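What follows is protein13.pdb (PDB, C-alpha atoms).
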```
ATOM      1  CA  ILE A 929      61.596 201.939  -9.708
ATOM      2  CA  MET A 930      65.358 201.901 -10.092
ATOM      3  CA  PHE A 931      66.718 203.694 -13.118
ATOM      4  CA  SER A 932      69.795 202.552 -15.015
ATOM      5  CA  LYS A 933      71.718 204.734 -17.450
ATOM      6  CA  VAL A 934      71.858 201.889 -19.921
ATOM      7  CA  VAL A 935      68.069 202.013 -20.241
ATOM      8  CA  VAL A 936      68.396 205.396 -21.940
ATOM      9  CA  LEU A 937      70.819 203.935 -24.471
ATOM     10  CA  ALA A 938      68.362 201.122 -25.074
ATOM     11  CA  ALA A 939      65.515 203.510 -25.765
ATOM     12  CA  LEU A 940      67.673 205.571 -28.085
ATOM     13  CA  ALA A 941      68.715 202.474 -29.974
ATOM     14  CA  ALA A 942      65.118 201.309 -30.298
ATOM     15  CA  ALA A 943      63.417 204.598 -31.063
ATOM     16  CA  GLY A 944      66.088 207.003 -32.293
ATOM     17  CA  SER A 945      66.427 210.560 -30.992
ATOM     18  CA  ALA A 946      65.384 213.852 -32.558
ATOM     19  CA  ASP A 947      63.536 217.078 -31.800
ATOM     20  CA  ALA A 948      60.326 216.709 -29.843
ATOM     21  CA  PHE A 949      56.845 216.988 -31.342
ATOM     22  CA  LEU A 950      57.742 217.318 -35.002
ATOM     23  CA  ALA A 951      55.344 215.839 -37.531
ATOM     24  CA  PRO A 952      54.868 214.381 -40.082
ATOM     25  CA  ALA A 953      58.519 213.386 -40.356
ATOM     26  CA  SER A 954      59.145 209.650 -40.065
ATOM     27  CA  THR A 955      61.137 209.365 -36.916
ATOM     28  CA  SER A 956      62.086 206.001 -35.555
ATOM     29  CA  LEU A 957      65.495 204.522 -36.146
ATOM     30  CA  PHE A 958      63.607 201.890 -38.130
ATOM     31  CA  ASN A 959      61.558 204.326 -40.189
ATOM     32  CA  PRO A 960      59.810 203.267 -43.386
ATOM     33  CA  PRO A 961      62.256 203.313 -46.323
ATOM     34  CA  ALA A 962      59.570 204.978 -48.442
ATOM     35  CA  LEU A 963      59.966 208.098 -46.289
ATOM     36  CA  ARG A 964      63.731 208.230 -45.914
ATOM     37  CA  GLY A 965      65.160 211.316 -47.529
ATOM     38  CA  SER A 966      61.801 212.332 -48.956
ATOM     39  CA  SER A 967      60.380 215.832 -48.879
ATOM     40  CA  CYS A 968      57.639 216.884 -46.495
ATOM     41  CA  LEU A 969      55.214 216.853 -49.435
ATOM     42  CA  GLY A 970      56.330 213.359 -50.387
ATOM     43  CA  GLN A 971      55.853 212.181 -46.820
ATOM     44  CA  ARG A 972      52.380 213.733 -46.717
ATOM     45  CA  ARG A 973      51.385 211.945 -49.934
ATOM     46  CA  PHE A 974      52.687 208.655 -48.581
ATOM     47  CA  MET A 975      50.861 209.051 -45.275
ATOM     48  CA  ASN A 976      47.634 210.062 -46.983
ATOM     49  CA  ALA A 977      47.933 207.044 -49.265
ATOM     50  CA  VAL A 978      47.921 204.719 -46.265
ATOM     51  CA  GLY A 979      45.099 206.610 -44.578
ATOM     52  CA  LEU A 980      47.024 208.340 -41.779
ATOM     53  CA  ASN A 981      46.096 211.932 -40.988
ATOM     54  CA  MET A 982      48.656 214.584 -40.167
ATOM     55  CA  VAL A 983      49.156 214.534 -36.395
ATOM     56  CA  SER A 984      49.271 217.894 -34.622
ATOM     57  CA  ALA A 985      51.668 219.053 -31.923
ATOM     58  CA  ALA A 986      48.652 219.624 -29.669
ATOM     59  CA  ASP A 987      47.594 215.978 -29.996
ATOM     60  CA  LEU A 988      51.127 214.782 -29.281
ATOM     61  CA  LYS A 989      51.457 216.979 -26.207
ATOM     62  CA  GLY A 990      48.034 215.887 -24.989
ATOM     63  CA  ALA A 991      48.867 212.215 -25.479
ATOM     64  CA  LYS A 992      52.172 212.642 -23.642
ATOM     65  CA  ALA A 993      50.455 214.275 -20.665
ATOM     66  CA  GLU A 994      47.891 211.459 -20.571
ATOM     67  CA  LEU A 995      50.630 208.827 -20.752
ATOM     68  CA  GLU A 996      52.590 210.418 -17.938
ATOM     69  CA  SER A 997      49.534 210.297 -15.686
ATOM     70  CA  ILE A 998      48.652 206.682 -16.525
ATOM     71  CA  ILE A 999      52.205 205.334 -16.255
ATOM     72  CA  ASP A1000      52.736 207.108 -12.939
ATOM     73  CA  LYS A1001      49.522 205.643 -11.508
ATOM     74  CA  THR A1002      50.073 202.106 -12.778
ATOM     75  CA  ASN A1003      53.855 201.796 -12.349
ATOM     76  CA  SER A1004      53.882 200.334 -15.848
ATOM     77  CA  ASN A1005      57.272 201.813 -16.822
ATOM     78  CA  PRO A1006      59.054 198.513 -17.568
ATOM     79  CA  ILE A1007      56.292 196.975 -19.673
ATOM     80  CA  MET A1008      55.965 200.165 -21.755
ATOM     81  CA  ILE A1009      59.670 200.037 -22.579
ATOM     82  CA  ARG A1010      59.330 196.351 -23.430
ATOM     83  CA  LEU A1011      56.335 197.033 -25.697
ATOM     84  CA  ALA A1012      58.207 199.709 -27.665
ATOM     85  CA  TRP A1013      61.277 197.538 -28.016
ATOM     86  CA  HIS A1014      59.370 194.454 -29.135
ATOM     87  CA  ASP A1015      57.417 196.484 -31.714
ATOM     88  CA  SER A1016      60.612 197.955 -33.162
ATOM     89  CA  GLY A1017      62.776 194.847 -32.738
ATOM     90  CA  THR A1018      61.239 193.070 -35.738
ATOM     91  CA  HIS A1019      63.182 195.294 -38.160
ATOM     92  CA  ASP A1020      65.114 193.650 -40.991
ATOM     93  CA  ALA A1021      67.575 196.055 -42.597
ATOM     94  CA  SER A1022      67.974 193.815 -45.644
ATOM     95  CA  ILE A1023      64.319 194.320 -46.624
ATOM     96  CA  LYS A1024      63.745 197.680 -48.318
ATOM     97  CA  GLU A1025      59.970 197.524 -48.757
ATOM     98  CA  TRP A1026      57.662 198.984 -46.118
ATOM     99  CA  PRO A1027      55.954 197.532 -44.102
ATOM    100  CA  GLN A1028      57.624 194.190 -44.898
ATOM    101  CA  CYS A1029      60.827 195.491 -43.275
ATOM    102  CA  GLY A1030      59.108 195.555 -39.882
ATOM    103  CA  GLY A1031      60.251 197.922 -37.157
ATOM    104  CA  ALA A1032      58.285 200.443 -35.104
ATOM    105  CA  ILE A1033      55.086 200.263 -37.155
ATOM    106  CA  GLY A1034      52.552 199.302 -34.475
ATOM    107  CA  SER A1035      52.073 195.796 -35.863
ATOM    108  CA  ILE A1036      52.474 194.258 -32.414
ATOM    109  CA  ARG A1037      48.845 195.142 -31.673
ATOM    110  CA  PHE A1038      47.652 192.529 -34.161
ATOM    111  CA  ASP A1039      47.241 188.786 -33.859
ATOM    112  CA  PRO A1040      49.412 186.796 -34.626
ATOM    113  CA  GLU A1041      52.299 189.087 -33.586
ATOM    114  CA  ILE A1042      50.955 189.882 -30.114
ATOM    115  CA  LYS A1043      50.706 186.113 -29.511
ATOM    116  CA  HIS A1044      54.336 185.410 -30.385
ATOM    117  CA  GLY A1045      56.102 183.748 -27.467
ATOM    118  CA  ALA A1046      58.434 186.696 -26.913
ATOM    119  CA  ASN A1047      55.436 189.037 -26.551
ATOM    120  CA  ALA A1048      53.708 187.159 -23.733
ATOM    121  CA  GLY A1049      52.052 189.612 -21.359
ATOM    122  CA  LEU A1050      52.282 192.633 -23.650
ATOM    123  CA  ASP A1051      48.545 192.595 -24.254
ATOM    124  CA  THR A1052      48.396 194.172 -20.777
ATOM    125  CA  ALA A1053      50.368 197.172 -22.047
ATOM    126  CA  LEU A1054      48.086 197.491 -25.066
ATOM    127  CA  LYS A1055      45.025 197.617 -22.811
ATOM    128  CA  ILE A1056      46.609 200.324 -20.659
ATOM    129  CA  LEU A1057      47.316 202.461 -23.729
ATOM    130  CA  GLU A1058      43.979 202.027 -25.492
ATOM    131  CA  PRO A1059      42.208 204.897 -23.633
ATOM    132  CA  VAL A1060      44.982 207.256 -24.754
ATOM    133  CA  LYS A1061      44.568 206.143 -28.353
ATOM    134  CA  LYS A1062      40.803 206.686 -28.157
ATOM    135  CA  LYS A1063      41.291 210.177 -26.755
ATOM    136  CA  PHE A1064      43.941 211.093 -29.355
ATOM    137  CA  PRO A1065      43.080 208.991 -32.433
ATOM    138  CA  GLU A1066      45.342 211.022 -34.755
ATOM    139  CA  VAL A1067      48.416 209.765 -32.879
ATOM    140  CA  SER A1068      49.455 206.493 -34.510
ATOM    141  CA  TYR A1069      49.877 203.361 -32.425
ATOM    142  CA  ALA A1070      53.491 203.229 -33.583
ATOM    143  CA  ASP A1071      54.111 206.720 -32.190
ATOM    144  CA  LEU A1072      52.137 205.996 -29.036
ATOM    145  CA  PHE A1073      54.223 202.923 -28.184
ATOM    146  CA  GLN A1074      57.531 204.777 -28.603
ATOM    147  CA  MET A1075      56.216 207.835 -26.749
ATOM    148  CA  ALA A1076      55.140 205.632 -23.830
ATOM    149  CA  SER A1077      58.643 204.178 -23.614
ATOM    150  CA  ALA A1078      60.293 207.606 -23.545
ATOM    151  CA  CYS A1079      57.802 208.809 -20.906
ATOM    152  CA  ALA A1080      58.423 205.678 -18.831
ATOM    153  CA  ILE A1081      62.164 206.347 -18.726
ATOM    154  CA  GLU A1082      61.707 209.988 -17.788
ATOM    155  CA  LEU A1083      59.217 209.127 -15.019
ATOM    156  CA  ALA A1084      61.591 206.469 -13.642
ATOM    157  CA  GLY A1085      64.184 209.170 -12.994
ATOM    158  CA  GLY A1086      65.944 209.090 -16.337
ATOM    159  CA  PRO A1087      66.498 212.006 -18.689
ATOM    160  CA  LYS A1088      64.015 213.469 -21.118
ATOM    161  CA  ILE A1089      64.572 211.824 -24.496
ATOM    162  CA  ASP A1090      63.942 214.096 -27.473
ATOM    163  CA  MET A1091      61.652 212.377 -29.955
ATOM    164  CA  LYS A1092      60.230 212.945 -33.409
ATOM    165  CA  TYR A1093      56.816 211.634 -34.356
ATOM    166  CA  GLY A1094      54.905 210.730 -37.487
ATOM    167  CA  ARG A1095      55.375 206.965 -37.715
ATOM    168  CA  VAL A1096      52.968 205.172 -40.028
ATOM    169  CA  ASP A1097      50.899 202.315 -38.607
ATOM    170  CA  ALA A1098      50.741 198.825 -40.024
ATOM    171  CA  ALA A1099      47.280 198.341 -41.526
ATOM    172  CA  GLY A1100      46.470 194.824 -40.376
ATOM    173  CA  PRO A1101      47.664 191.307 -39.465
ATOM    174  CA  GLU A1102      49.097 190.868 -42.951
ATOM    175  CA  ASP A1103      51.755 193.433 -42.010
ATOM    176  CA  CYS A1104      52.977 191.464 -38.979
ATOM    177  CA  SER A1105      56.537 190.173 -38.985
ATOM    178  CA  PRO A1106      57.177 186.436 -38.619
ATOM    179  CA  GLU A1107      57.946 184.989 -35.211
ATOM    180  CA  GLY A1108      61.549 184.517 -34.109
ATOM    181  CA  ASN A1109      62.992 188.003 -34.697
ATOM    182  CA  LEU A1110      63.729 188.789 -31.042
ATOM    183  CA  PRO A1111      66.528 187.365 -28.871
ATOM    184  CA  ASP A1112      66.053 184.114 -26.981
ATOM    185  CA  ALA A1113      66.747 184.130 -23.231
ATOM    186  CA  GLU A1114      67.609 180.432 -23.176
ATOM    187  CA  ALA A1115      68.782 177.765 -25.572
ATOM    188  CA  GLY A1116      66.092 175.554 -27.044
ATOM    189  CA  ASP A1117      66.115 171.983 -28.291
ATOM    190  CA  GLY A1118      69.530 170.926 -29.494
ATOM    191  CA  GLY A1119      71.260 173.622 -27.440
ATOM    192  CA  LYS A1120      70.620 176.373 -29.971
ATOM    193  CA  TYR A1121      69.423 179.923 -29.391
ATOM    194  CA  GLY A1122      67.098 181.496 -31.946
ATOM    195  CA  GLY A1123      63.486 181.298 -32.990
ATOM    196  CA  LYS A1124      64.181 180.680 -36.679
ATOM    197  CA  PRO A1125      67.088 179.141 -38.619
ATOM    198  CA  GLU A1126      68.799 182.341 -39.721
ATOM    199  CA  MET A1127      68.906 183.594 -36.108
ATOM    200  CA  GLU A1128      70.186 180.318 -34.606
ATOM    201  CA  ASP A1129      73.505 179.920 -32.870
ATOM    202  CA  THR A1130      74.935 177.617 -30.220
ATOM    203  CA  THR A1131      76.290 180.573 -28.206
ATOM    204  CA  PRO A1132      74.362 183.496 -26.658
ATOM    205  CA  ASN A1133      76.729 186.096 -28.112
ATOM    206  CA  GLY A1134      76.571 184.568 -31.580
ATOM    207  CA  HIS A1135      72.773 184.531 -31.451
ATOM    208  CA  LEU A1136      72.597 188.155 -30.266
ATOM    209  CA  LYS A1137      74.877 189.290 -33.068
ATOM    210  CA  LYS A1138      72.714 187.599 -35.688
ATOM    211  CA  VAL A1139      69.573 189.214 -34.256
ATOM    212  CA  PHE A1140      70.946 192.731 -33.900
ATOM    213  CA  TYR A1141      73.048 192.789 -37.048
ATOM    214  CA  ARG A1142      69.867 191.891 -38.947
ATOM    215  CA  MET A1143      68.386 195.138 -37.629
ATOM    216  CA  GLY A1144      71.390 197.143 -38.768
ATOM    217  CA  LEU A1145      72.630 197.614 -35.198
ATOM    218  CA  GLY A1146      76.070 196.945 -33.751
ATOM    219  CA  ASP A1147      77.771 195.687 -30.610
ATOM    220  CA  GLU A1148      77.163 198.887 -28.630
ATOM    221  CA  GLU A1149      73.426 198.606 -29.212
ATOM    222  CA  ILE A1150      73.537 194.929 -28.210
ATOM    223  CA  VAL A1151      75.013 195.877 -24.842
ATOM    224  CA  ALA A1152      72.562 198.769 -24.364
ATOM    225  CA  LEU A1153      69.421 196.834 -25.225
ATOM    226  CA  SER A1154      70.485 193.794 -23.202
ATOM    227  CA  GLY A1155      71.256 196.026 -20.228
ATOM    228  CA  ALA A1156      67.776 197.541 -20.346
ATOM    229  CA  HIS A1157      66.629 194.503 -18.358
ATOM    230  CA  THR A1158      67.892 196.330 -15.262
ATOM    231  CA  LEU A1159      64.510 198.091 -15.315
ATOM    232  CA  GLY A1160      61.722 195.625 -14.584
ATOM    233  CA  ARG A1161      61.542 191.988 -13.538
ATOM    234  CA  ALA A1162      61.338 188.517 -15.021
ATOM    235  CA  PHE A1163      57.992 186.707 -14.712
ATOM    236  CA  LYS A1164      57.493 183.034 -15.480
ATOM    237  CA  ASP A1165      54.230 183.642 -17.346
ATOM    238  CA  ARG A1166      55.991 186.079 -19.696
ATOM    239  CA  SER A1167      59.614 185.121 -20.290
ATOM    240  CA  GLY A1168      59.386 181.684 -18.712
ATOM    241  CA  LEU A1169      62.175 182.735 -16.348
ATOM    242  CA  GLY A1170      62.425 184.174 -12.848
ATOM    243  CA  ALA A1171      61.317 183.250  -9.362
ATOM    244  CA  GLU A1172      57.684 183.396  -8.332
ATOM    245  CA  SER A1173      58.672 185.978  -5.731
ATOM    246  CA  THR A1174      61.653 187.267  -3.741
ATOM    247  CA  LYS A1175      61.986 189.280  -0.542
ATOM    248  CA  PHE A1176      62.312 192.363  -2.729
ATOM    249  CA  THR A1177      59.283 191.680  -4.949
ATOM    250  CA  ASP A1178      56.720 190.196  -2.543
ATOM    251  CA  GLY A1179      55.050 193.581  -2.059
ATOM    252  CA  SER A1180      56.400 194.204   1.416
ATOM    253  CA  LYS A1181      58.945 196.803   0.341
ATOM    254  CA  ALA A1182      58.593 200.147  -1.422
ATOM    255  CA  VAL A1183      59.896 200.030  -4.978
ATOM    256  CA  ARG A1184      59.757 203.735  -5.830
ATOM    257  CA  LYS A1185      62.540 206.134  -5.007
ATOM    258  CA  ASP A1186      60.111 209.065  -4.850
ATOM    259  CA  GLY A1187      58.288 207.458  -1.929
ATOM    260  CA  LYS A1188      55.013 206.849  -3.770
ATOM    261  CA  GLU A1189      53.324 203.516  -3.271
ATOM    262  CA  GLY A1190      54.542 200.807  -5.591
ATOM    263  CA  ILE A1191      51.288 199.376  -6.934
ATOM    264  CA  GLY A1192      52.694 197.482  -9.869
ATOM    265  CA  ARG A1193      52.446 193.742 -10.199
ATOM    266  CA  LYS A1194      53.934 191.769  -7.290
ATOM    267  CA  GLY A1195      56.292 188.832  -7.699
ATOM    268  CA  GLY A1196      58.928 187.960 -10.235
ATOM    269  CA  SER A1197      62.651 188.503  -9.805
ATOM    270  CA  SER A1198      65.416 190.713 -11.109
ATOM    271  CA  TRP A1199      66.863 189.871 -14.523
ATOM    272  CA  THR A1200      70.353 190.841 -13.358
TER     273      THR A1200
END
```

Could you rewrite the structure in this file as structure tokens?
Amino acid sequence: IMFSKVVVLAALAAAGSADAFLAPASTSLFNPPALRGSSCLGQRRFMNAVGLNMVSAADLKGAKAELESIIDKTNSNPIMIRLAWHDSGTHDASIKEWPQCGGAIGSIRFDPEIKHGANAGLDTALKILEPVKKKFPEVSYADLFQMASACAIELAGGPKIDMKYGRVDAAGPEDCSPEGNLPDAEAGDGGKYGGKPEMEDTTPNGHLKKVFYRMGLGDEEIVALSGAHTLGRAFKDRSGLGAESTKFTDGSKAVRKDGKEGIGRKGGSSWT
């Protein structure tokens, strides 16, 4: 797995950075407004109200160790980063109510969100992570998805990303964000990019600005998150783009710098 520096910037933009293993502070860049600036007691009351127990440092460390083992064995680094980004990328900074504002709230595990076109193939990542969730049930799905992304970057040769944990999970399908919040790779009918009217534009850069500005992000984050495609490949059954296979992805060549066997999915082609 090749590691690009821009992938770190992408993860930081999607998940935010802070001290490791602190709970119950709300921690993602797109954290619930109800918790912003609140006291620890206020956060505890909020989390108890939605039925989330206080997660311990021991559970977080245990989950991280389990994730590192699973990701290393499955070579699932790229899809874990994609899962975390797509869960957080629904955020709408103009909406102040939680969970209506979207963001890293674990809602991607529910139908209809997991069946959105942009999320094709991410059910595979959910299945990989489910044993970790069962072993450490106090760790929210929202935390687990972001933790998996940070672990994936570190295991791919990138730096350790300091994280905070304590994200609150969406309760059910009613908390899912509408389709069309994520960037389009290609223009659709009429030559426009965008899955819904307010995100539409006839140019790629105009479309990206509408998507990312909606999240409260800027041009630097646009470049970072777009550049994160240097880790992973394009598959036709997921993005609709990419070759069926290339001489670099047909399974005949090692794909890991550390010399371990590359047992990830064969086929596809580089995004870049």

- Quote the spacing between CA of Gly1192 in chain A and CA of Leu995 in chain A in Å to one decimal place.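 Interatomic distance here is 15.9 Å.
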
Counting only C-alpha atoms, closest pick from A:Leu1169, A:Ala1076, A:Ile999, A:Ala1084 relative to Glu1114 in chain A is A:Leu1169

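By chain and then residue number, the residues within 10 Å of range 1119-1124 of chain A are Gly1045, Ala1046, Pro1106, Glu1107, Gly1108, Asn1109, Leu1110, Pro1111, Asp1112, Ala1113, Glu1114, Ala1115, Gly1116, Met1127, Glu1128, Asp1129, Thr1130, Thr1131, Pro1132, Asn1133, Gly1134, His1135, Leu1136, Lys1138 and Val1139 of chain A, counting only C-alpha atoms and disregarding those fewer than 3 positions away in sequence.
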
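Running the PyMOL selection byres ((chain A and resi 1015-1024) around 6) on this file leaves Ala1012, Trp1013, His1014, Glu1025, Cys1029, Gly1030, Gly1031, Ala1032, Ile1036, Asn1109, Arg1142, Met1143 and Gly1144 of chain A selected.
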
Those selected residues, please, written with C-alpha atoms and delivered as an mmCIF file, keeping the file's coordinate frame.
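What landed in again-v6.cif:
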```cif
data_model
loop_
_atom_site.group_PDB
_atom_site.id
_atom_site.type_symbol
_atom_site.label_atom_id
_atom_site.label_comp_id
_atom_site.auth_asym_id
_atom_site.auth_seq_id
_atom_site.Cartn_x
_atom_site.Cartn_y
_atom_site.Cartn_z
ATOM 1 C CA ALA A 1012 58.207 199.709 -27.665
ATOM 2 C CA TRP A 1013 61.277 197.538 -28.016
ATOM 3 C CA HIS A 1014 59.370 194.454 -29.135
ATOM 4 C CA GLU A 1025 59.970 197.524 -48.757
ATOM 5 C CA CYS A 1029 60.827 195.491 -43.275
ATOM 6 C CA GLY A 1030 59.108 195.555 -39.882
ATOM 7 C CA GLY A 1031 60.251 197.922 -37.157
ATOM 8 C CA ALA A 1032 58.285 200.443 -35.104
ATOM 9 C CA ILE A 1036 52.474 194.258 -32.414
ATOM 10 C CA ASN A 1109 62.992 188.003 -34.697
ATOM 11 C CA ARG A 1142 69.867 191.891 -38.947
ATOM 12 C CA MET A 1143 68.386 195.138 -37.629
ATOM 13 C CA GLY A 1144 71.390 197.143 -38.768
#
```

Expected selection from the PyMOL selection byres ((chain A and resi 1040) around 10), given as a tab-separated table (two decimals) with C-alpha atoms, in the coordinates of the input:
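This went into expr.tsv:
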```tsv
chain	number	residue	atom	x	y	z
A	1035	SER	CA	52.07	195.80	-35.86
A	1036	ILE	CA	52.47	194.26	-32.41
A	1037	ARG	CA	48.84	195.14	-31.67
A	1038	PHE	CA	47.65	192.53	-34.16
A	1039	ASP	CA	47.24	188.79	-33.86
A	1041	GLU	CA	52.30	189.09	-33.59
A	1042	ILE	CA	50.96	189.88	-30.11
A	1043	LYS	CA	50.71	186.11	-29.51
A	1044	HIS	CA	54.34	185.41	-30.38
A	1101	PRO	CA	47.66	191.31	-39.47
A	1102	GLU	CA	49.10	190.87	-42.95
A	1104	CYS	CA	52.98	191.46	-38.98
A	1105	SER	CA	56.54	190.17	-38.98
A	1106	PRO	CA	57.18	186.44	-38.62
A	1107	GLU	CA	57.95	184.99	-35.21
```

Edge lengths and centre in Å to one decimal, as AutoDock Vina command-line options, is what I'm after for the box along x, y and z that holds all listed atoms of range 1110-1126 of chain A once 3 Å is added on each side.
```
--center_x 67.4 --center_y 179.9 --center_z -31.4 --size_x 13.8 --size_y 23.9 --size_z 22.5
```

- Specify as a list in words each residue included when the PyMOL selection byres ((chain A and resi 1173) around 12) is applied to this file.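 Output of the PyMOL selection byres ((chain A and resi 1173) around 12): Arg1161, Ala1162, Phe1163, Lys1164, Leu1169, Gly1170, Ala1171, Glu1172, Thr1174, Lys1175, Phe1176, Thr1177, Asp1178, Gly1179, Ser1180, Arg1193, Lys1194, Gly1195, Gly1196, Ser1197 and Ser1198 of chain A.
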
Correct to one decimal, the distance CA of Gly1155 in chain A-CA of Asp1090 in chain A is 20.8 Å

Around the point (48.6, 202.9, -18.3) in the file's coordinates, collect all residues with an atom within 10 Å, using all atoms listed in the file, and return them as a PDB file with C-alpha atoms, in the frame of the given file.
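Below is the file result.pdb, written as the result:
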```pdb
ATOM      1  CA  GLU A 994      47.891 211.459 -20.571  1.00  0.00           C
ATOM      2  CA  LEU A 995      50.630 208.827 -20.752  1.00  0.00           C
ATOM      3  CA  GLU A 996      52.590 210.418 -17.938  1.00  0.00           C
ATOM      4  CA  SER A 997      49.534 210.297 -15.686  1.00  0.00           C
ATOM      5  CA  ILE A 998      48.652 206.682 -16.525  1.00  0.00           C
ATOM      6  CA  ILE A 999      52.205 205.334 -16.255  1.00  0.00           C
ATOM      7  CA  ASP A1000      52.736 207.108 -12.939  1.00  0.00           C
ATOM      8  CA  LYS A1001      49.522 205.643 -11.508  1.00  0.00           C
ATOM      9  CA  THR A1002      50.073 202.106 -12.778  1.00  0.00           C
ATOM     10  CA  ASN A1003      53.855 201.796 -12.349  1.00  0.00           C
ATOM     11  CA  SER A1004      53.882 200.334 -15.848  1.00  0.00           C
ATOM     12  CA  ASN A1005      57.272 201.813 -16.822  1.00  0.00           C
ATOM     13  CA  ILE A1007      56.292 196.975 -19.673  1.00  0.00           C
ATOM     14  CA  MET A1008      55.965 200.165 -21.755  1.00  0.00           C
ATOM     15  CA  THR A1052      48.396 194.172 -20.777  1.00  0.00           C
ATOM     16  CA  ALA A1053      50.368 197.172 -22.047  1.00  0.00           C
ATOM     17  CA  LEU A1054      48.086 197.491 -25.066  1.00  0.00           C
ATOM     18  CA  LYS A1055      45.025 197.617 -22.811  1.00  0.00           C
ATOM     19  CA  ILE A1056      46.609 200.324 -20.659  1.00  0.00           C
ATOM     20  CA  LEU A1057      47.316 202.461 -23.729  1.00  0.00           C
ATOM     21  CA  GLU A1058      43.979 202.027 -25.492  1.00  0.00           C
ATOM     22  CA  PRO A1059      42.208 204.897 -23.633  1.00  0.00           C
ATOM     23  CA  VAL A1060      44.982 207.256 -24.754  1.00  0.00           C
ATOM     24  CA  ALA A1076      55.140 205.632 -23.830  1.00  0.00           C
TER      25      ALA A1076
END
```

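Atom pair CA of Asp987 in chain A / CA of Lys1061 in chain A: separated by 10.4 Å.
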
Nearest-residue call for Ile1081 in chain A, choices A:Gly990, A:Pro1006, A:Gly1100, A:Gly1168, using all atoms listed in the file:
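Once distances to Ile1081 in chain A are computed over all atoms listed in the file, the minimum belongs to A:Pro1006.
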
Between A:Glu1148, A:Glu1126, A:Asp1071, A:Glu1189, which has the minimum distance to Val983 in chain A (counting all atoms listed in the file)?
->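 Checking each of A:Glu1148, A:Glu1126, A:Asp1071, A:Glu1189 against Val983 in chain A, counting all atoms listed in the file, the winner is A:Asp1071.
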
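If you measure from each of A:Arg1010, A:Leu1083, A:Lys1063, A:Met982 to Thr1158 in chain A using only C-alpha atoms, the closest one turns out to be A:Arg1010.
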
Save range 979-1019 of chain A from what I just supplied, as a PDB file, in the first residue's frame, atoms limited to C-alpha atoms.
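Below is the file part22.pdb, written as the result:
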```pdb
ATOM      1  CA  GLY A 979     -28.661   5.834  25.581  1.00  0.00           C
ATOM      2  CA  LEU A 980     -24.883   5.846  25.070  1.00  0.00           C
ATOM      3  CA  ASN A 981     -22.733   4.605  27.938  1.00  0.00           C
ATOM      4  CA  MET A 982     -19.478   6.245  28.926  1.00  0.00           C
ATOM      5  CA  VAL A 983     -16.715   4.546  26.935  1.00  0.00           C
ATOM      6  CA  SER A 984     -13.546   3.620  28.819  1.00  0.00           C
ATOM      7  CA  ALA A 985      -9.942   4.084  27.738  1.00  0.00           C
ATOM      8  CA  ALA A 986      -9.488   0.319  28.082  1.00  0.00           C
ATOM      9  CA  ASP A 987     -12.278  -0.345  25.572  1.00  0.00           C
ATOM     10  CA  LEU A 988     -10.831   2.190  23.141  1.00  0.00           C
ATOM     11  CA  LYS A 989      -7.343   0.724  23.383  1.00  0.00           C
ATOM     12  CA  GLY A 990      -8.728  -2.785  22.979  1.00  0.00           C
ATOM     13  CA  ALA A 991     -10.763  -1.791  19.932  1.00  0.00           C
ATOM     14  CA  LYS A 992      -7.739  -0.086  18.374  1.00  0.00           C
ATOM     15  CA  ALA A 993      -5.587  -3.189  18.840  1.00  0.00           C
ATOM     16  CA  GLU A 994      -8.317  -5.342  17.284  1.00  0.00           C
ATOM     17  CA  LEU A 995      -8.666  -2.951  14.348  1.00  0.00           C
ATOM     18  CA  GLU A 996      -4.941  -2.918  13.704  1.00  0.00           C
ATOM     19  CA  SER A 997      -4.901  -6.710  13.492  1.00  0.00           C
ATOM     20  CA  ILE A 998      -7.937  -6.940  11.196  1.00  0.00           C
ATOM     21  CA  ILE A 999      -6.871  -4.138   8.845  1.00  0.00           C
ATOM     22  CA  ASP A1000      -3.365  -5.570   8.562  1.00  0.00           C
ATOM     23  CA  LYS A1001      -4.721  -9.023   7.684  1.00  0.00           C
ATOM     24  CA  THR A1002      -7.340  -7.826   5.207  1.00  0.00           C
ATOM     25  CA  ASN A1003      -5.469  -4.931   3.563  1.00  0.00           C
ATOM     26  CA  SER A1004      -8.662  -2.937   4.016  1.00  0.00           C
ATOM     27  CA  ASN A1005      -6.907   0.405   4.631  1.00  0.00           C
ATOM     28  CA  PRO A1006      -8.463   2.326   1.715  1.00  0.00           C
ATOM     29  CA  ILE A1007     -12.050   1.230   2.317  1.00  0.00           C
ATOM     30  CA  MET A1008     -11.798   2.099   6.031  1.00  0.00           C
ATOM     31  CA  ILE A1009     -10.709   5.631   5.156  1.00  0.00           C
ATOM     32  CA  ARG A1010     -13.543   5.856   2.637  1.00  0.00           C
ATOM     33  CA  LEU A1011     -16.084   4.640   5.213  1.00  0.00           C
ATOM     34  CA  ALA A1012     -15.026   7.271   7.761  1.00  0.00           C
ATOM     35  CA  TRP A1013     -15.074  10.029   5.181  1.00  0.00           C
ATOM     36  CA  HIS A1014     -18.474   9.101   3.776  1.00  0.00           C
ATOM     37  CA  ASP A1015     -19.976   8.912   7.282  1.00  0.00           C
ATOM     38  CA  SER A1016     -18.637  12.358   8.179  1.00  0.00           C
ATOM     39  CA  GLY A1017     -19.114  13.937   4.744  1.00  0.00           C
ATOM     40  CA  THR A1018     -22.874  14.359   5.190  1.00  0.00           C
ATOM     41  CA  HIS A1019     -22.348  17.308   7.560  1.00  0.00           C
TER      42      HIS A1019
END
```
